[in-house]
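A short write-up of the structure that comes next.
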Amino acid sequence: MNALTDPLAALNVSPAISFSGVSKQYLPSGGGHAVAALKDIDLQIRTGAILGIAGASGAGKTTFLDLITARTLPTSGNIAVGASKASFVPQTIDLRAARTVLENILLPLDNHNLPQWQGTSRARNLLERLGLTDIETRFPRELSAGERQKVAIVRALVTEPDLLLLDEPFSVLDQESTAEVVTLLDEINRSNGTTIAVASRSPATLKDLAHDLVVLERGRIAEQGPAFDVLTQPSSEATRALVGSAFSASLPDFLRTRLTAEPCRNGQAIVRLTFVGEAATTPVITRLARDLGLDANILLGSAETVRGRLYGVLIVGVASGEPYLTAALDHFAEAGLRTDVIGYLEG
C-alpha cells in the first residue's frame, strides 16, 4: 500500500493506540495455571486509520479490544491510547428492553452537552444510512438480530467518537447489511478522521474496509501490515488458513497430487499468474496466442477487490518444453503479472 491507495501512508501522524510488550493472562475460575490470552504484543494503530484484527475463535481478538477500552488490564507491558472519546460495540448487544430504538441510541448522549433535537437528528441520519428509517419507535424485542446489531453501531456513532472499536460486527449481518455498514464506517472514517479497529474471524470480511490488518494466532501476532499485502501475499500459515481460497486460487486435489517437480516430456508447466490493478484486465492469454502462437490451458481462477484495488489469480498450463515456457513466462512478466511455476503435469 502506498500514498496513492492509502492517503494516510503519506502523513506523519502519531499513533492513536500503541501496544508495547503487552501480555494478558487469565486465572481459571477453578484454579490451576494461568492461561495466556495475548503474548508480547507490539503494535501501533495510526490515527485516522482503520485496523482490521483477524483471527480464529480464541485467538485473542476480544481481549485485544478489551485492553484498549480498559475493560481489562494487561498483565505486563504498556498501552497508550491517544483518543479522548471512544465508543465500543461488543459482541453481545445490550440494548435496553424497555426503551425504544431511538431512546437506546440517545442514551450515550445523556452526559453530553448536546441539545436533544441535535442528537435526534444525528440518530435519524445514521439510521437512514443503514436502511432503518422505520424502526425508531420499536423495542429491541421487535427487531431481528441484524437490526439490533445495526442499532448498536448507530448508538456507538451518535457521540461522534475519535475512536470506534467493533467486535465481530458482521457476524449476524447478511451480505447487503454488511455492505451498508462497511460503507458507513468508511464514510465516517473519511469525513471525521475517526480511528476504527474492527475484529473479525475472517480477513475477507475486512477487505473493503481495513487500511491495515493484523492476524492473531493463539494470542500472538502471526502477521501484520497493509491489508492489501496481507490478504494477497500472506506470509504466515495462520493467514493463509483464514483467507482460504478467496485470494489464492488453489489446485483441486486431483490435479495437485499429480504435480511433479521436474518438467515432463510433452507435458505442461502449471503457472500461477497474479494480477494487480489494471493488469487484471489485460487479455494476456489472447495475446499469448496471437503474438507468440502459444496456447495456455486455463485451469481455474479467482478475482477480488481490496479497498477498490482489483486483484486476481489465474492458474494456467503452458507447454513445459523450451523455448516455449521461457517465452510464455517473459510474456506474462512484460504484461505486469507476477508468475510462479508451481509444478509440472505429464502430457
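Convention: chains lettered A, B, ... in C-alpha cells order; per-chain residue numbering from 1; ligands numbered from 1 as shown.
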
Residues at most 7 Å from Arg338 in chain A, counting only C-alpha atoms, excluding those fewer than 5 positions away in the same chain, as a PDB file with C-alpha atoms, in the first residue's frame?
```
ATOM      1  CA  LEU A 273      -0.427 -15.712 -12.542  1.00  0.00           C
ATOM      2  CA  THR A 274      -1.157 -12.879 -10.120  1.00  0.00           C
ATOM      3  CA  PHE A 275      -2.891  -9.761 -11.426  1.00  0.00           C
ATOM      4  CA  ALA A 333       6.037 -10.672 -16.876  1.00  0.00           C
TER       5      ALA A 333
END
```

Please tabulate, as CSV, the residues of range 106-218 of chain A that come within 9 Å of range 50-57 of chain A, each with its closest pair of atoms and the distance in Å to one decimal, counting only C-alpha atoms and ordering rows by chain, then residue number upward.
```
residue,atom,partner,partner_atom,distance
A:Asp186,CA,A:Ile50,CA,8.4
A:Asn189,CA,A:Ile50,CA,7.6
A:Thr194,CA,A:Ile50,CA,8.3
A:Thr195,CA,A:Ile50,CA,5.9
A:Ile196,CA,A:Ile50,CA,4.6
A:Ala197,CA,A:Leu51,CA,4.7
A:Val198,CA,A:Gly52,CA,5.0
A:Ala199,CA,A:Ile53,CA,4.5
A:Ser200,CA,A:Ala54,CA,5.1
A:Arg201,CA,A:Gly55,CA,5.0
A:Ser202,CA,A:Ala54,CA,6.0
A:Pro203,CA,A:Ala54,CA,5.5
A:Leu206,CA,A:Gly52,CA,6.3
A:Lys207,CA,A:Gly52,CA,8.8
A:Leu209,CA,A:Ile50,CA,7.1
A:Ala210,CA,A:Ile50,CA,5.0
A:His211,CA,A:Ile50,CA,5.3
A:Asp212,CA,A:Leu51,CA,4.9
A:Leu213,CA,A:Gly52,CA,4.6
A:Val214,CA,A:Ile53,CA,5.1
A:Val215,CA,A:Ala54,CA,4.8
A:Leu216,CA,A:Gly55,CA,5.0
A:Glu217,CA,A:Gly55,CA,6.1
A:Arg218,CA,A:Ala56,CA,8.5
```

Given the selection you just returned, output its residues as a file containing N, CA and C atoms, formatted as a tab-separated table (two decimals), in the first residue's frame.
```
chain	number	residue	atom	x	y	z
A	186	ASP	N	-16.64	3.45	6.48
A	186	ASP	CA	-15.64	4.07	5.61
A	186	ASP	C	-15.92	5.57	5.45
A	189	ASN	N	-15.01	7.37	8.68
A	189	ASN	CA	-13.55	7.48	8.76
A	189	ASN	C	-13.03	8.61	7.88
A	194	THR	N	-12.12	9.44	12.02
A	194	THR	CA	-12.27	8.52	13.15
A	194	THR	C	-11.34	7.32	13.00
A	195	THR	N	-10.59	7.02	14.04
A	195	THR	CA	-9.78	5.80	14.06
A	195	THR	C	-10.70	4.63	14.39
A	196	ILE	N	-10.60	3.56	13.62
A	196	ILE	CA	-11.51	2.43	13.78
A	196	ILE	C	-10.71	1.14	13.88
A	197	ALA	N	-11.08	0.30	14.84
A	197	ALA	CA	-10.50	-1.04	14.96
A	197	ALA	C	-11.64	-2.05	14.93
A	198	VAL	N	-11.57	-3.00	14.00
A	198	VAL	CA	-12.65	-3.97	13.78
A	198	VAL	C	-12.10	-5.38	13.90
A	199	ALA	N	-12.66	-6.17	14.81
A	199	ALA	CA	-12.25	-7.56	14.97
A	199	ALA	C	-13.20	-8.46	14.20
A	200	SER	N	-12.63	-9.43	13.48
A	200	SER	CA	-13.45	-10.37	12.70
A	200	SER	C	-12.71	-11.69	12.57
A	201	ARG	N	-13.47	-12.79	12.56
A	201	ARG	CA	-12.84	-14.10	12.36
A	201	ARG	C	-12.24	-14.23	10.96
A	202	SER	N	-12.82	-13.53	10.01
A	202	SER	CA	-12.40	-13.70	8.61
A	202	SER	C	-11.77	-12.43	8.06
A	203	PRO	N	-10.52	-12.48	7.60
A	203	PRO	CA	-9.92	-11.31	6.97
A	203	PRO	C	-10.68	-10.86	5.73
A	206	LEU	N	-13.05	-8.02	5.91
A	206	LEU	CA	-12.46	-6.70	6.14
A	206	LEU	C	-11.83	-6.11	4.89
A	207	LYS	N	-11.92	-6.82	3.77
A	207	LYS	CA	-11.15	-6.44	2.59
A	207	LYS	C	-11.53	-5.09	2.00
A	209	LEU	N	-12.71	-2.57	3.85
A	209	LEU	CA	-12.76	-1.60	4.94
A	209	LEU	C	-11.39	-1.24	5.50
A	210	ALA	N	-10.59	-2.26	5.83
A	210	ALA	CA	-9.37	-2.02	6.59
A	210	ALA	C	-8.24	-1.44	5.74
A	211	HIS	N	-7.54	-0.45	6.31
A	211	HIS	CA	-6.28	0.02	5.72
A	211	HIS	C	-5.16	-0.95	6.08
A	212	ASP	N	-5.13	-1.32	7.36
A	212	ASP	CA	-4.09	-2.21	7.88
A	212	ASP	C	-4.76	-3.44	8.47
A	213	LEU	N	-3.99	-4.52	8.56
A	213	LEU	CA	-4.55	-5.78	9.06
A	213	LEU	C	-3.53	-6.46	9.96
A	214	VAL	N	-4.01	-6.93	11.11
A	214	VAL	CA	-3.18	-7.74	11.99
A	214	VAL	C	-3.89	-9.07	12.18
A	215	VAL	N	-3.14	-10.15	12.06
A	215	VAL	CA	-3.69	-11.50	12.23
A	215	VAL	C	-3.14	-12.08	13.53
A	216	LEU	N	-4.05	-12.47	14.42
A	216	LEU	CA	-3.66	-13.06	15.69
A	216	LEU	C	-3.80	-14.58	15.62
A	217	GLU	N	-2.86	-15.26	16.25
A	217	GLU	CA	-2.93	-16.72	16.35
A	217	GLU	C	-2.48	-17.12	17.73
A	218	ARG	N	-3.38	-17.69	18.51
A	218	ARG	CA	-3.08	-18.15	19.87
A	218	ARG	C	-2.43	-17.05	20.70
```

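Proximity ranking of A:Leu107, A:Glu278, A:Leu43, A:Glu147 relative to Glu223 in chain A places A:Leu43 first, based on only C-alpha atoms.
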
Using DSSP secondary structure from the backbone, list all strand (DSSP E or B) positions within range 39-282 of chain A, as a PyMOL selection string.
chain A and resi 39-46+50-54+76-81+86-89+163-167+195-200+212-217+220-226+260+268-276

| task | Please identify all polymer residues within 10 Å of range 19-23 of chain A, counting only C-alpha atoms, omitting same-chain residues fewer than 5 positions from it, and present them as a PyMOL selection string. | result | chain A and resi 36-45+64+67-68+73-81+219-220

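Non-sequential neighbours of Leu127 in chain A (distance at most 12 Å, separation of 3 or more positions within a chain, only C-alpha atoms) are Val101, Leu102, Ile105, Thr120, Ser121, Arg122, Ala123, Arg124, Leu130, Gly131, Leu132, Thr133, Asp134, Ile135, Glu136, Glu147, Arg148, Gln149, Lys150, Val151, Ala152, Ile153, Val154, Arg155, Leu157, Val158, Glu180, Val181 and Leu184 of chain A.
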
Limited to N, CA and C atoms, could you put the picked residues into a file as a compact mmCIF listing (two decimals), in the first residue's frame?
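Produced file selection_35.txt, reproduced below:
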```
# COMPACT_ATOMS: atom_id res chain seq x y z
N VAL A 101 -35.95 2.05 20.11
CA VAL A 101 -34.69 2.13 19.37
C VAL A 101 -34.08 3.52 19.50
N LEU A 102 -34.86 4.55 19.26
CA LEU A 102 -34.34 5.91 19.33
C LEU A 102 -33.85 6.24 20.74
N ILE A 105 -30.51 4.63 21.32
CA ILE A 105 -29.43 5.29 20.60
C ILE A 105 -29.00 6.57 21.30
N THR A 120 -31.15 13.79 18.23
CA THR A 120 -32.17 13.07 17.46
C THR A 120 -31.89 13.15 15.97
N SER A 121 -31.45 14.32 15.52
CA SER A 121 -31.12 14.49 14.10
C SER A 121 -29.97 13.58 13.69
N ARG A 122 -28.94 13.51 14.53
CA ARG A 122 -27.81 12.62 14.26
C ARG A 122 -28.29 11.17 14.16
N ALA A 123 -29.08 10.76 15.15
CA ALA A 123 -29.53 9.37 15.21
C ALA A 123 -30.34 9.01 13.97
N ARG A 124 -31.25 9.88 13.58
CA ARG A 124 -32.09 9.59 12.42
C ARG A 124 -31.28 9.55 11.13
N LEU A 130 -28.34 3.34 7.26
CA LEU A 130 -28.30 1.88 7.39
C LEU A 130 -29.65 1.25 7.05
N GLY A 131 -30.52 2.02 6.41
CA GLY A 131 -31.80 1.48 5.96
C GLY A 131 -32.76 1.15 7.08
N LEU A 132 -32.71 1.92 8.18
CA LEU A 132 -33.54 1.63 9.36
C LEU A 132 -34.49 2.78 9.69
N THR A 133 -35.00 3.45 8.70
CA THR A 133 -35.79 4.66 8.94
C THR A 133 -37.12 4.39 9.64
N ASP A 134 -37.63 3.17 9.58
CA ASP A 134 -38.97 2.89 10.09
C ASP A 134 -38.98 2.14 11.42
N ILE A 135 -37.86 2.11 12.15
CA ILE A 135 -37.84 1.29 13.36
C ILE A 135 -37.58 2.09 14.63
N GLU A 136 -37.50 3.41 14.56
CA GLU A 136 -37.06 4.17 15.73
C GLU A 136 -38.02 4.06 16.91
N GLU A 147 -30.86 -6.24 12.81
CA GLU A 147 -31.31 -4.88 13.13
C GLU A 147 -30.76 -4.42 14.47
N ARG A 148 -30.74 -5.31 15.46
CA ARG A 148 -30.17 -4.96 16.76
C ARG A 148 -28.69 -4.62 16.63
N GLN A 149 -27.98 -5.38 15.80
CA GLN A 149 -26.56 -5.11 15.58
C GLN A 149 -26.36 -3.73 14.98
N LYS A 150 -27.15 -3.38 13.98
CA LYS A 150 -27.00 -2.08 13.34
C LYS A 150 -27.40 -0.94 14.28
N VAL A 151 -28.40 -1.16 15.13
CA VAL A 151 -28.78 -0.15 16.13
C VAL A 151 -27.62 0.09 17.10
N ALA A 152 -26.94 -0.98 17.50
CA ALA A 152 -25.79 -0.84 18.40
C ALA A 152 -24.68 -0.03 17.75
N ILE A 153 -24.48 -0.23 16.45
CA ILE A 153 -23.46 0.54 15.73
C ILE A 153 -23.85 2.01 15.66
N VAL A 154 -25.13 2.28 15.39
CA VAL A 154 -25.60 3.67 15.36
C VAL A 154 -25.41 4.31 16.73
N ARG A 155 -25.74 3.58 17.79
CA ARG A 155 -25.58 4.11 19.16
C ARG A 155 -24.12 4.47 19.44
N LEU A 157 -21.96 5.42 17.22
CA LEU A 157 -21.54 6.52 16.35
C LEU A 157 -22.19 7.85 16.70
N VAL A 158 -23.29 7.84 17.45
CA VAL A 158 -24.06 9.06 17.67
C VAL A 158 -23.27 10.10 18.47
N GLU A 180 -23.68 -2.23 3.75
CA GLU A 180 -24.16 -0.95 4.27
C GLU A 180 -23.30 -0.46 5.42
N VAL A 181 -22.97 -1.37 6.34
CA VAL A 181 -22.16 -1.00 7.50
C VAL A 181 -20.75 -0.62 7.06
N LEU A 184 -20.83 2.84 5.57
CA LEU A 184 -21.00 3.86 6.60
C LEU A 184 -19.70 4.08 7.38
```

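DSSP, applied to the backbone of this structure, assigns helix (DSSP H, G or I) to the following residues of range 245-283 of chain A: A:Asp253, A:Phe254, A:Leu255, A:Arg256, A:Gly277, A:Glu278, A:Ala279, A:Ala280, A:Thr281.
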
CA of Pro15 in chain A to CA of Gly82 in chain A measures 7.4 Å

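Here CA of Asn111 in chain A and CA of Ala16 in chain A stand 23.8 Å from one another.
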
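Computed from the coordinates, the CA of Ala179 in chain A to CA of Leu126 in chain A distance equals 14.7 Å.
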
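Using only C-alpha atoms, the smallest distance between any of A:Leu163, A:Arg46, A:Gly317, A:Ala86 and Gly225 in chain A comes from A:Arg46.
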
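Taking only C-alpha atoms into account, Asp208 in chain A lies nearest to A:Glu304 out of the set A:Glu304, A:Glu237, A:Glu334, A:Glu142.
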
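Using only C-alpha atoms for every distance, the candidate list A:Ala261, A:Ala327, A:Leu251, A:Leu185 yields A:Leu251 as the residue closest to Leu299 in chain A.
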
**Thr339 in chain A environment, 12 Å, only C-alpha atoms, sequence neighbours closer than 5 positions dropped, as an NGL selection string** = :A and (269-275 or 313-316 or 325-326 or 328-334)
